[in-house]
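Peer 1: Dropping a structure here in structure tokens format, bear with me for questions.
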Amino acid sequence: MRVRSAIITALLATFVITASAQQDLTHAAAVVDSIPKTKRIDQVAISPDGQQVAAIVEGQLTVSSASGGDSRSIPLRSKQQAREVAWSNDSRQLAIIGDLDSDVPQSDIYLYNGGAAKSIASLKGYVQTPRFSPDGSKLALLFIEDLPRVAGPLQPMTPLAGVIDEKVYEQRITTIDVASKAIKQVTPADVYIYEYDWLPDGSGWAAIAAHGSGDNNWWIARLYRGDAATGELHEIYAPKLQLAMPRVSPDGKTVVFIESLMSDEDVVGGDIYIVPIGGGEARNLTPGIKTSPASLRWTKDGHILFGQNVDGESGFGTVNASGEIAKLWQGPDEVSDASTSGTIGGSFSADGALSAIVRQSKSEAPEIWVGAIGKWTKLTSVNEEAQATWGKSNSVHWMNGTQRIQGWLTAPKEVKQGEKYPLVISVHGGPSASCKNSWDVHYAAPLSLMGYYVLCPNPRGSYGQGEAFTRANVKDFGGGDYHDIVSAIDALAKEYPIDTKRVGITGHSYGGYMTMWAESQTTRFAAAVSGAGLSHWLSYYGLNDIDEWMIPFFGASVYDDPAVYLKSDPMHFVKQVKTPTLILVGDRDGEVPMEQSVEWWHALKTFNVPTTLVVYPNEGHAIGKPADRRDYAVRTAAWFEEWFAKVK
């Protein structure tokens, strides 16, 4: 649990006012506001028979033919926004989660079968992941009854007040009988279910679950078999690391899943394992693979189809129960089932012959495409007016010793012969994540339009080069990963007209940590912008809501082995910082609490390092309000503009 300081709360307004007075935002604001607006594609789902495509765009649901043509809008009552959908196996029904506009989560569950969508249940709390039973008689959901906020550690945390005693809200598999509309919370009241998949006979599920706090305990979750009648859970597998994507085989005898060193729920990459449904030894089907599988589904012929990160690009492949791998497709664009998903994959027909994807790149706005893998045709044109006005992007590689590193480099809008340009390094979050070729209007686009090269690197610890590469930062935060990043500066300057005296660094979450760490290790950065950065491991361990995530990376808690944390601790080296630093954070951040940013700001002020702190009220780890996201981008661009101009 976080500790909130009354002093920090009292100073909050002062921080914001002081920050506003220190920056000239005029030019940066004009640049950010010139970037074309796009519509968010929340989800795409192709029907199992491959005939229809359901799509949610900015909360509005449509259903269209997979072959193209006009789409049909599916309105929900009281102007509710659709958030998630799922098809029945016979493709005759579509389940819809519609959210009410209220201060606390409330949703209606609808069924659509060609006429008007009809509500079958109203649930107070947070609900997600609808899935029909194989025979279509029941609809299962993940439901947290009476949760006062949207679920997940990225969301704004509930502020502490009064006598502090953590109340645990568990996410349970809940079923709705389609005929009678009877609602039943099935799984135990003291267990949090993260993901699940129906058994083919409808008798239960394979599920990833843990006791206790859902936000904190995903990193120690296990694989279970659940009984649909009694709710009893029987353990199938206790992993060494983290689990994701449980998928039951068509014959019901085995479960496949992804296991890996993963730092964030829903940001998936790792090896594919298989285990008997009754429990037993799990086998790694992809040992040594030099990619990062991210999504799974079974095909009818008993193969596992998977989406994967391939050296920063997207790809699809198959593997069978014997571990024989086949490559199906690889391409530079990001493909997924939603424009903000980040998980490489898509939605597939039952036979796997057709898929629906959201396809995007740094130069092409997200759209829905449909077809066989690698042979998709564009279905929508919701963002056809959004044209990239910034510089071109390409995948680049460089060496740090014997390690080959990949990243995505975006050029300035205009590059003139004989001139050199600043470089901004934008470090991704995670660390178990990656930079991909996606539509980026927060870093790449505005900074390119400001006249800068923008590099998003994938250092060790990232996805894309296999599990050994992802695990290479264990007990080495700020070691090899830091050198992978800074080695890019001189390497890229040999190939591109980069001014190595005007180099900046930025990032959010792990990227914010790396920004703080980098400026404590070198003075070569002319400016830095840290978003939700982690500055002091000792205090962070006691403040954050998700301390279980650190154990796999450091081998012990900060209380049991403080030395392993100390060597990676920015605050331990803060006296070496000289770089002007902008610090941005949400005041209700549970993953990297605001106090971490306040500590860094206070230390830099103490040592007379130019710095500004901006705290966004009622924001969590992910800055969500459009006005705050705009302000974040504007201030970031303006900060680099100000300090690059002062370089002699």
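Lettering and numbering for the structure tokens are positional, with chains as A, B, ... in the shown order, residues counted from 1 in each chain, and ligands counted from 1 in the shown order.
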Env of Arg635 in chain A: 9 Å cut, atoms = only C-alpha atoms, seq-sep filter 4 positions within chain, self excluded. Answer as a short mmCIF file (atom, residue, chain, number, x, y, z; two decimals) with C-alpha atoms, in the first residue's frame.
Peer 2:
```cif
data_model
loop_
_atom_site.label_atom_id
_atom_site.label_comp_id
_atom_site.auth_asym_id
_atom_site.auth_seq_id
_atom_site.Cartn_x
_atom_site.Cartn_y
_atom_site.Cartn_z
CA GLN A 23 8.28 26.86 -19.61
CA ASP A 24 7.42 28.68 -22.82
CA LEU A 25 4.96 26.24 -24.36
CA ALA A 28 5.54 23.09 -28.72
CA ALA A 29 1.78 23.50 -28.27
CA LEU A 582 11.44 17.76 -16.31
CA ARG A 630 -1.69 16.80 -24.46
CA ASP A 631 -0.03 18.77 -21.67
CA TRP A 639 11.64 21.15 -22.45
CA PHE A 640 13.91 19.72 -25.13
#
```
Peer 1: So which residues touch Asp628 in chain A within 12 Å, counting only C-alpha atoms, skipping near sequence neighbours fewer than 3 positions away, as JSON, numbers by chain?
Peer 2: {"A": [442, 584, 585, 586, 614, 615, 616, 617, 618, 619, 620, 622, 623, 624, 625, 631, 632, 633, 634, 635]}
Peer 1: How about saving the chosen residues, N, CA and C atoms kept, as an mmCIF file, in the first residue's frame?
Peer 2:
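For reference, part22.cif as written:
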```
data_model
loop_
_atom_site.group_PDB
_atom_site.id
_atom_site.type_symbol
_atom_site.label_atom_id
_atom_site.label_comp_id
_atom_site.auth_asym_id
_atom_site.auth_seq_id
_atom_site.Cartn_x
_atom_site.Cartn_y
_atom_site.Cartn_z
ATOM 1 N N HIS A 442 2.755 10.582 -29.278
ATOM 2 C CA HIS A 442 3.168 11.108 -27.979
ATOM 3 C C HIS A 442 4.657 11.455 -27.942
ATOM 4 N N LEU A 584 7.327 14.350 -14.650
ATOM 5 C CA LEU A 584 5.885 14.316 -14.861
ATOM 6 C C LEU A 584 5.310 13.066 -14.195
ATOM 7 N N VAL A 585 4.190 13.204 -13.480
ATOM 8 C CA VAL A 585 3.636 12.056 -12.767
ATOM 9 C C VAL A 585 2.181 12.307 -12.402
ATOM 10 N N GLY A 586 1.410 11.216 -12.272
ATOM 11 C CA GLY A 586 0.050 11.298 -11.772
ATOM 12 C C GLY A 586 0.021 11.180 -10.259
ATOM 13 N N VAL A 614 5.779 18.392 -12.529
ATOM 14 C CA VAL A 614 4.367 18.571 -12.855
ATOM 15 C C VAL A 614 3.609 17.343 -12.366
ATOM 16 N N VAL A 615 2.612 17.549 -11.521
ATOM 17 C CA VAL A 615 1.785 16.471 -10.992
ATOM 18 C C VAL A 615 0.383 16.611 -11.561
ATOM 19 N N TYR A 616 -0.113 15.544 -12.165
ATOM 20 C CA TYR A 616 -1.439 15.551 -12.775
ATOM 21 C C TYR A 616 -2.465 14.995 -11.789
ATOM 22 N N PRO A 617 -3.407 15.822 -11.356
ATOM 23 C CA PRO A 617 -4.394 15.381 -10.372
ATOM 24 C C PRO A 617 -5.296 14.267 -10.906
ATOM 25 N N ASN A 618 -5.602 13.316 -10.015
ATOM 26 C CA ASN A 618 -6.532 12.219 -10.308
ATOM 27 C C ASN A 618 -6.110 11.378 -11.514
ATOM 28 N N GLU A 619 -4.809 11.250 -11.708
ATOM 29 C CA GLU A 619 -4.260 10.390 -12.746
ATOM 30 C C GLU A 619 -3.475 9.256 -12.104
ATOM 31 N N GLY A 620 -3.509 8.092 -12.751
ATOM 32 C CA GLY A 620 -2.757 6.943 -12.279
ATOM 33 C C GLY A 620 -1.435 6.807 -13.008
ATOM 34 N N ALA A 622 -0.865 5.335 -15.860
ATOM 35 C CA ALA A 622 -1.093 5.716 -17.256
ATOM 36 C C ALA A 622 -1.871 7.031 -17.267
ATOM 37 N N ILE A 623 -1.284 8.063 -17.847
ATOM 38 C CA ILE A 623 -1.966 9.351 -17.924
ATOM 39 C C ILE A 623 -3.098 9.211 -18.942
ATOM 40 N N GLY A 624 -4.353 9.360 -18.490
ATOM 41 C CA GLY A 624 -5.483 8.998 -19.337
ATOM 42 C C GLY A 624 -6.312 10.128 -19.881
ATOM 43 N N LYS A 625 -6.407 11.243 -19.169
ATOM 44 C CA LYS A 625 -7.271 12.329 -19.622
ATOM 45 C C LYS A 625 -6.656 13.014 -20.840
ATOM 46 N N ASP A 631 -0.951 17.966 -22.464
ATOM 47 C CA ASP A 631 -0.027 18.771 -21.671
ATOM 48 C C ASP A 631 1.309 18.055 -21.503
ATOM 49 N N TYR A 632 1.251 16.750 -21.284
ATOM 50 C CA TYR A 632 2.452 15.930 -21.135
ATOM 51 C C TYR A 632 3.316 16.044 -22.393
ATOM 52 N N ALA A 633 2.686 15.886 -23.563
ATOM 53 C CA ALA A 633 3.428 15.950 -24.828
ATOM 54 C C ALA A 633 3.977 17.350 -25.084
ATOM 55 N N VAL A 634 3.177 18.360 -24.791
ATOM 56 C CA VAL A 634 3.602 19.741 -25.018
ATOM 57 C C VAL A 634 4.793 20.082 -24.135
ATOM 58 N N ARG A 635 4.709 19.766 -22.862
ATOM 59 C CA ARG A 635 5.805 20.091 -21.943
ATOM 60 C C ARG A 635 7.082 19.333 -22.288
#
```
Peer 1: Give me, as JSON, numbers by chain, the residues of range 334-441 of chain A that a backbone DSSP run labels strand (DSSP E or B).
Peer 2: {"A": [334, 335, 336, 347, 348, 355, 356, 357, 358, 359, 360, 364, 367, 368, 369, 370, 371, 377, 378, 387, 393, 394, 395, 396, 397, 398, 399, 400, 403, 404, 405, 406, 407, 408, 409, 410, 421, 422, 423, 424, 425, 426, 427]}
Peer 1: Which residues in range 364-600 of chain A does DSSP call helix (DSSP H, G or I)? List them as a VMD selection string.
Peer 2: chain A and resid 444 to 449 467 to 473 480 to 493 510 to 521 537 to 543 547 to 554 562 to 566 570 to 576 594 to 600
Peer 1: If you keep C-alpha atoms, can you produce a file of those selected residues as a PDB file, in the first residue's frame?
Peer 2:
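Contents of selection_36.pdb, as written:
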```pdb
ATOM      1  CA  ALA A 444       7.972  10.176 -32.223  1.00  0.00           C
ATOM      2  CA  ALA A 445       5.540  12.477 -34.033  1.00  0.00           C
ATOM      3  CA  PRO A 446       5.864  15.710 -32.003  1.00  0.00           C
ATOM      4  CA  LEU A 447       9.604  15.422 -31.459  1.00  0.00           C
ATOM      5  CA  SER A 448      10.183  14.700 -35.148  1.00  0.00           C
ATOM      6  CA  LEU A 449       8.128  17.781 -36.008  1.00  0.00           C
ATOM      7  CA  GLU A 467      13.798 -15.342 -23.554  1.00  0.00           C
ATOM      8  CA  ALA A 468      17.520 -15.218 -22.737  1.00  0.00           C
ATOM      9  CA  PHE A 469      17.643 -11.643 -24.032  1.00  0.00           C
ATOM     10  CA  THR A 470      14.547 -10.712 -22.001  1.00  0.00           C
ATOM     11  CA  ARG A 471      16.128 -12.139 -18.846  1.00  0.00           C
ATOM     12  CA  ALA A 472      19.492 -10.481 -19.443  1.00  0.00           C
ATOM     13  CA  ASN A 473      18.729  -7.575 -17.103  1.00  0.00           C
ATOM     14  CA  GLY A 480      23.809  -3.792 -19.681  1.00  0.00           C
ATOM     15  CA  ASP A 481      20.462  -2.214 -20.558  1.00  0.00           C
ATOM     16  CA  TYR A 482      21.834   1.285 -19.913  1.00  0.00           C
ATOM     17  CA  HIS A 483      24.932   0.632 -22.023  1.00  0.00           C
ATOM     18  CA  ASP A 484      22.792  -0.837 -24.812  1.00  0.00           C
ATOM     19  CA  ILE A 485      20.907   2.463 -24.909  1.00  0.00           C
ATOM     20  CA  VAL A 486      23.758   4.980 -24.689  1.00  0.00           C
ATOM     21  CA  SER A 487      25.911   3.023 -27.143  1.00  0.00           C
ATOM     22  CA  ALA A 488      23.348   3.935 -29.801  1.00  0.00           C
ATOM     23  CA  ILE A 489      24.327   7.608 -29.718  1.00  0.00           C
ATOM     24  CA  ASP A 490      27.765   7.330 -31.277  1.00  0.00           C
ATOM     25  CA  ALA A 491      26.785   4.346 -33.434  1.00  0.00           C
ATOM     26  CA  LEU A 492      23.879   6.186 -35.068  1.00  0.00           C
ATOM     27  CA  ALA A 493      25.861   9.416 -35.375  1.00  0.00           C
ATOM     28  CA  TYR A 510      10.759   1.909 -16.644  1.00  0.00           C
ATOM     29  CA  GLY A 511      11.628   4.560 -19.217  1.00  0.00           C
ATOM     30  CA  GLY A 512      11.297   7.168 -16.460  1.00  0.00           C
ATOM     31  CA  TYR A 513      13.562   5.102 -14.211  1.00  0.00           C
ATOM     32  CA  MET A 514      16.120   4.729 -17.002  1.00  0.00           C
ATOM     33  CA  THR A 515      16.024   8.484 -17.586  1.00  0.00           C
ATOM     34  CA  MET A 516      16.844   9.135 -13.917  1.00  0.00           C
ATOM     35  CA  TRP A 517      19.483   6.418 -13.930  1.00  0.00           C
ATOM     36  CA  ALA A 518      21.130   7.593 -17.153  1.00  0.00           C
ATOM     37  CA  GLU A 519      21.517  11.180 -15.989  1.00  0.00           C
ATOM     38  CA  SER A 520      23.099   9.900 -12.767  1.00  0.00           C
ATOM     39  CA  GLN A 521      25.720   8.010 -14.819  1.00  0.00           C
ATOM     40  CA  TRP A 537      14.429   1.518  -4.608  1.00  0.00           C
ATOM     41  CA  LEU A 538      14.289   1.425  -0.798  1.00  0.00           C
ATOM     42  CA  SER A 539      11.452   3.914  -0.423  1.00  0.00           C
ATOM     43  CA  TYR A 540       9.747   2.632  -3.582  1.00  0.00           C
ATOM     44  CA  TYR A 541       9.474  -0.871  -2.157  1.00  0.00           C
ATOM     45  CA  GLY A 542       7.454   0.410   0.761  1.00  0.00           C
ATOM     46  CA  LEU A 543       5.277   2.796  -1.242  1.00  0.00           C
ATOM     47  CA  ASP A 547       6.028  -5.064  -4.855  1.00  0.00           C
ATOM     48  CA  GLU A 548       5.841  -8.696  -6.037  1.00  0.00           C
ATOM     49  CA  TRP A 549       7.117  -7.667  -9.477  1.00  0.00           C
ATOM     50  CA  MET A 550      10.620  -6.932  -8.194  1.00  0.00           C
ATOM     51  CA  ILE A 551      11.440 -10.369  -6.756  1.00  0.00           C
ATOM     52  CA  PRO A 552      11.970 -12.117 -10.153  1.00  0.00           C
ATOM     53  CA  PHE A 553      14.205  -9.262 -11.311  1.00  0.00           C
ATOM     54  CA  PHE A 554      16.307  -8.833  -8.160  1.00  0.00           C
ATOM     55  CA  PRO A 562      19.449  -4.164  -0.196  1.00  0.00           C
ATOM     56  CA  ALA A 563      22.837  -4.348  -1.937  1.00  0.00           C
ATOM     57  CA  VAL A 564      21.433  -5.756  -5.187  1.00  0.00           C
ATOM     58  CA  TYR A 565      19.038  -2.811  -5.358  1.00  0.00           C
ATOM     59  CA  LEU A 566      21.585  -0.199  -4.274  1.00  0.00           C
ATOM     60  CA  PRO A 570      19.504   6.486  -9.030  1.00  0.00           C
ATOM     61  CA  MET A 571      19.323   8.266  -5.659  1.00  0.00           C
ATOM     62  CA  HIS A 572      22.620   6.691  -4.621  1.00  0.00           C
ATOM     63  CA  PHE A 573      24.296   8.619  -7.454  1.00  0.00           C
ATOM     64  CA  VAL A 574      22.160  11.764  -7.465  1.00  0.00           C
ATOM     65  CA  LYS A 575      25.058  14.098  -6.662  1.00  0.00           C
ATOM     66  CA  GLN A 576      26.459  13.325 -10.132  1.00  0.00           C
ATOM     67  CA  MET A 594       4.182  10.234  -6.996  1.00  0.00           C
ATOM     68  CA  GLU A 595       6.569  10.366  -4.029  1.00  0.00           C
ATOM     69  CA  GLN A 596       9.310   8.856  -6.211  1.00  0.00           C
ATOM     70  CA  SER A 597       9.130  11.864  -8.508  1.00  0.00           C
ATOM     71  CA  VAL A 598       8.969  14.253  -5.559  1.00  0.00           C
ATOM     72  CA  GLU A 599      12.132  12.709  -4.094  1.00  0.00           C
ATOM     73  CA  TRP A 600      14.016  13.162  -7.349  1.00  0.00           C
TER      74      TRP A 600
END
```
